[in-house]
Protein chains: 2
Amino acid sequence: MQNFVYHNPTKLVFGKGTIAQLSDLVPTGLKVLMTYGGGSIKRNGVYDQVKAALKGRDLIEFGGIEPNPRYETLMKAVEVCRREKVEFLLAVGGGSVLDGTKFIAVAAFYEAGDPWDILAKNAKPTRALPIGCVLTLPATGSESNPIAVISREATREKLAFSTPLVYPTFSIIDPETHYSLPRRQVQNGIADAFVHVMEQYLTYPADAPVQDRLAEGIARTLIEYGPKVLRQPRNYNARAAIALCSTLALNGLIGCGVPQDWTTHLIGHELTAFYGLDHAQTLVILLPAVWRHQKRAKRKKLEQYAERVWEVKRAKDKAEAAIRKTEEFFRTGLGMKTRLSECGVGTERFEEIAARIEARGLRLGEHKSIGRKEIVEILKLSL
Amino acid sequence: MQNFVYHNPTKLVFGKGTIAQLSDLVPTGLKVLMTYGGGSIKRNGVYDQVKAALKGRDLIEFGGIEPNPRYETLMKAVEVCRREKVEFLLAVGGGSVLDGTKFIAVAAFYEAGDPWDILAKNAKPTRALPIGCVLTLPATGSESNPIAVISREATREKLAFSTPLVYPTFSIIDPETHYSLPRRQVQNGIADAFVHVMEQYLTYPADAPVQDRLAEGIARTLIEYGPKVLRQPRNYNARAAIALCSTLALNGLIGCGVPQDWTTHLIGHELTAFYGLDHAQTLVILLPAVWRHQKRAKRKKLEQYAERVWEVKRAKDKAEAAIRKTEEFFRTGLGMKTRLSECGVGTERFEEIAARIEARGLRLGEHKSIGRKEIVEILKLSL
């Protein structure tokens with residue numbers, strides 16, 4: 001087991017009717033900017049619940065944060081924060097709204113240059129507005145982690161930053177507010193959480209047995225309850241299980257003291273930046289290809305995964321059996337596409353994508369063994 | 001799944017050589033009281049590492065906190081805090097030192113009456129000294145929770161209190177410092193962590209599937225690595241696994257949104273108070289008796305536990321098979337006693353113990369179905 005530091009200060013407030021607790025959770029006397037997305041919160045009642053809980057507060061709004069939140073949009077919110085002297089940010093939405101709000105939080109105080117440098121040049125923010133969150137879509141784990149992923153329209157870039165400054169102070173998760181989510185967002189959310197688990201688990205045995213068991217437990221729950229929640233959108237306990245799994249998948253816990261991969265995410269971000277594919281759709285397509293490409297290096301862990309998560313007892317090639325089971329879960333269990341060709345993507349830009357990742361100085365995977373050539377090979381395996 | 005709030009602000013600093021990080025973790029400029037136990041830290045090098053990391057700090061010491069830390073001893077430390085204007089407490093030791101330090105932290109500011117009222121009368125402290133921790137014995141989970149259990153010699157009482165004020169601000173866990181622990185403390189620690197998991201898991205199915213999987217994963221790791229660490233005291237990865245399991249067993253996470261039992265602990269505290277038995281020894285003896293007594297109410301969960309933790313596939317009475325496997329783990333895997341009669345305890349005081357729990361207005365178990373009569377029955381099953 002590797003050394004680690006784990007410090008997750010976010011307060012999770014989980015369950016039915018919890019949005020009303022905003023009146024206690026949002027500090028009084030502060031100017032609040034409520035951020036949200038395309039307006040679904042106005043149709044499903046969440047907006048009204050938030051406004052009711054914060055009646056009488058000094059509250060302004062910034063809507064229209066898009067999926068894969070854009071720098072260009074977020075900088076408008078930064079202007080609002082500066083002009084209106086905003087003191088607290090309340091993100092109401094899914095991972096995109098929350099990620100965007102994390103960027104707003106640090107950009108509002110960043111004066112050393114263009115806040116985009118925080119993403120593109122690893123510039124370190126030193127201060128952030130405090131953030132609270134009402135999570136309406138379980139998927140990214142952003143509600144309990146220090147990470148945000150932001151896109152820039154002008155340059156077709158999609159990049160991540162991380163700083164403990166942007167851990168939400170609290171996150172409210174009411175699974176009842178997930179009943180009205182579009183099917184595609186639910187599919188994407190389950191797949192995203194599942195791949196988060198795998199990025200931290202499916203590497204090589206590292207003598208970290210309890211982290212393995214936790215990761216396997218979250219994966220098994222997603223496999224069992226993902227299809228269930230798609231069949232029964234108003235099943236509270238299934239919604240709650242998926243929501244809790246999504247948080248646990250990327251709140252840092254299962255990544256403590258273990259090697260991590262993240263190849264799938266880093267190639268996936270480029271596919272989203274170039275083709276506008278949904279984030280989770282890119283992950284579902286790429287994960288089996290990464291595993292096939294890295295089958296020798298990942299064999300031991302693939303076999304453990306086959307045995308413990310899929311209960312594959314006998315198979316000539318257990319690793320391959322595990323990859324097939326996973327594809328079947330994405331395809332049949334979640335009803336998602338598993339091939340780039342199904343999404344209208346061909347080989348045209350594979351070289352450009354690989355070159356771009358290389359240009360950032362990145363070599364991918366738990367062994368840093370995946371460079372330009374290997375990225376193209378993985379993309380070809382995804383066709 | 002039940003509603004829950006989870007907020008664990010403790011920073012865990014885990015791994016080899018981490019005690020040196022105290023120089024960054026303990027705030028500068030504060031008067032520090034370092035608390036410890038019987039002096040083992042002076043023999044195993046931990047004391048020297050702490051002193052080296054905090055060289056030049058304004059640091060005083062209070063040693064001699066005993067296992068099952070006593071009110072009488074701790075009040076002397078409270079006097080020191082008041083007299084010396086202590087501003088930060090650094091607990092260096094196991095769960096007893098840390099629990100005692102948590103009591104010191106709140107008692108130092110408690111002026112509404114006798115600080116014992118915090119335990120005996122559920123009086124609510126409003127302020128506490130900040131606490132840091134160097135954990136030298138994995139067992140209680142106190143390093144990452146808001147709970148402390150304190151004993152009072154004069155009245156033979158052993159009681160718990162809980163307040164978010166006493167979450168350690170940080171806890172350093174260096175598994176290498178566990179190499180020199182006496183065998184009995186290691187056995188006790190593993191058993192304590194195991195029973196913590198079971199108090200939160202082995203109740204009835206509550207549609208909280210991921211919490212179940214996490215609890216099962218911690219239990220399986222303790223079953224696999226507990227005997228291993230007893231056989232190989234200097235196996236770092238086994239030490240690390242046990243240490244992390246102990247923290248995860250009682251940091252609040254697996255108890256989120258599920259019913260909890262705690263019968264075993266509440267009866268066990270009385271056996272320690274009356275007979276001076278080690279805390280974990282009482283748990284190991286009582287847990288199978290509680291399960292046998294409650295077999296009908298707990299049957300479904302016992303069967304799930306049999307299947308998932310012990311891989312019992314076929315058995316006439318799966319619940320009974322699970323109980324036997326657990327006894328065997330305690331007895332053979334950990335080498336502990338599993339009967340009260342082996343510890344020289346007879347039936348003499350069973351009625352007194354049961355009456356005492358009843359007098360506190362407590363009914364035990366996840367259904368509040370265990371009263372005076374049932375406590376005596378459970379104790380008889382433990383003979």
# chains A, B, ... in the order shown; residues from 1 in each chain; ligands from 1
>>> interface_residues(of="chain A", to="chain B", cutoff="6 Å", atoms="only C-alpha atoms", output="MDAnalysis selection string")
chainID A and resid 1 3:7 9 11:15 210 213:214 217 221 237
>>> residues_around(residues="Pro146 in chain A", least_positions_apart="3", cutoff="6 Å", atoms="only C-alpha atoms", output="NGL selection string")
:A and (162-164 or 166-167)
>>> write_last_selection(atoms="C-alpha atoms", output="PDB file, in the first residue's frame")
ATOM      1  CA  SER A 162      -8.045  20.164  -8.773  1.00  0.00           C
ATOM      2  CA  THR A 163      -7.607  22.152  -5.572  1.00  0.00           C
ATOM      3  CA  PRO A 164      -8.861  21.478  -2.045  1.00  0.00           C
ATOM      4  CA  VAL A 166     -13.224  23.862  -4.156  1.00  0.00           C
ATOM      5  CA  TYR A 167     -14.503  20.974  -2.039  1.00  0.00           C
TER       6      TYR A 167
END
>>> closest_residue(among="B:Leu334, B:Val92, B:Ile65, B:Ala243", to="Gln187 in chain B", atoms="only C-alpha atoms")
B:Leu334
>>> atom_distance(atom1="CA of Ala112 in chain A", atom2="CA of Glu61 in chain A")
26.9 Å
>>> select_by_dssp(residues="range 86-195 of chain B", states="strand (DSSP E)", output="number ranges by chain")
B: 88-93, 131-135, 147-152, 157-162, 170-173
>>> select_by_dssp(residues="range 59-264 of chain A", states="alpha helix (DSSP H)", output="ChimeraX atom specification")
/A:71-84,95-107,117-120,183-201,209-231,236-249,263-264
>>> residues_around(residues="Ser246 in chain B", least_positions_apart="6", cutoff="12 Å", atoms="only C-alpha atoms", output="PyMOL selection string")
(chain A and resi 210) or (chain B and resi 94-95+135+137-145+173+175+186+188-197+215+218-219+221-222+225-226+239-240+252)
>>> write_last_selection(atoms="C-alpha atoms", output="CSV table (one decimal), in the first residue's frame")
chain,number,residue,atom,x,y,z
A,210,VAL,CA,-9.6,-3.2,1.6
B,94,GLY,CA,-4.3,4.0,20.9
B,95,GLY,CA,-8.0,4.5,21.3
B,135,LEU,CA,-2.4,6.5,16.4
B,137,LEU,CA,-2.8,1.0,17.9
B,138,PRO,CA,-5.4,0.3,15.3
B,139,ALA,CA,-8.7,-0.7,16.9
B,140,THR,CA,-11.4,1.7,18.0
B,141,GLY,CA,-11.7,4.1,15.0
B,142,SER,CA,-11.5,6.9,17.4
B,143,GLU,CA,-8.9,8.5,15.2
B,144,SER,CA,-11.6,9.5,12.7
B,145,ASN,CA,-14.8,9.7,14.7
B,173,ILE,CA,-1.3,6.4,11.1
B,175,PRO,CA,1.7,1.1,10.3
B,186,VAL,CA,-3.3,-6.7,18.1
B,188,ASN,CA,-8.1,-7.1,20.6
B,189,GLY,CA,-7.8,-4.4,17.9
B,190,ILE,CA,-8.8,-6.7,15.1
B,191,ALA,CA,-11.7,-8.1,17.0
B,192,ASP,CA,-12.9,-4.6,18.0
B,193,ALA,CA,-12.9,-3.4,14.4
B,194,PHE,CA,-14.7,-6.5,13.3
B,195,VAL,CA,-17.4,-6.1,15.8
B,196,HIS,CA,-17.8,-2.4,14.9
B,197,VAL,CA,-18.6,-3.5,11.4
B,215,ALA,CA,-19.2,-3.6,5.4
B,218,ILE,CA,-14.0,-4.6,5.5
B,219,ALA,CA,-15.1,-7.8,7.3
B,221,THR,CA,-10.3,-8.1,4.8
B,222,LEU,CA,-10.1,-8.4,8.6
B,225,TYR,CA,-5.4,-10.2,7.2
B,226,GLY,CA,-6.1,-10.5,10.9
B,239,ARG,CA,-0.4,-4.0,9.1
B,240,ALA,CA,-1.6,-1.3,6.8
B,252,GLY,CA,-19.3,6.7,10.3
>>> residues_around(residues="range 179-181 of chain A", least_positions_apart="2", cutoff="7 Å", atoms="only C-alpha atoms", output="count of residues only")
8
>>> residues_around(residues="Leu379 in chain B", least_positions_apart="4", cutoff="7 Å", atoms="only C-alpha atoms", output="PDB file with N, CA and C atoms, in the first residue's frame")
ATOM      1  N   PHE B 350     -25.183 -11.053  36.780  1.00  0.00           N
ATOM      2  CA  PHE B 350     -25.944 -10.849  35.538  1.00  0.00           C
ATOM      3  C   PHE B 350     -27.172  -9.962  35.775  1.00  0.00           C
ATOM      4  N   ILE B 375     -31.268  -9.317  28.339  1.00  0.00           N
ATOM      5  CA  ILE B 375     -29.833  -9.135  28.626  1.00  0.00           C
ATOM      6  C   ILE B 375     -29.319 -10.301  29.473  1.00  0.00           C
ATOM      7  N   LEU B 383     -21.890 -17.862  28.639  1.00  0.00           N
ATOM      8  CA  LEU B 383     -21.097 -18.526  29.700  1.00  0.00           C
ATOM      9  C   LEU B 383     -20.103 -19.558  29.158  1.00  0.00           C
TER      10      LEU B 383
END
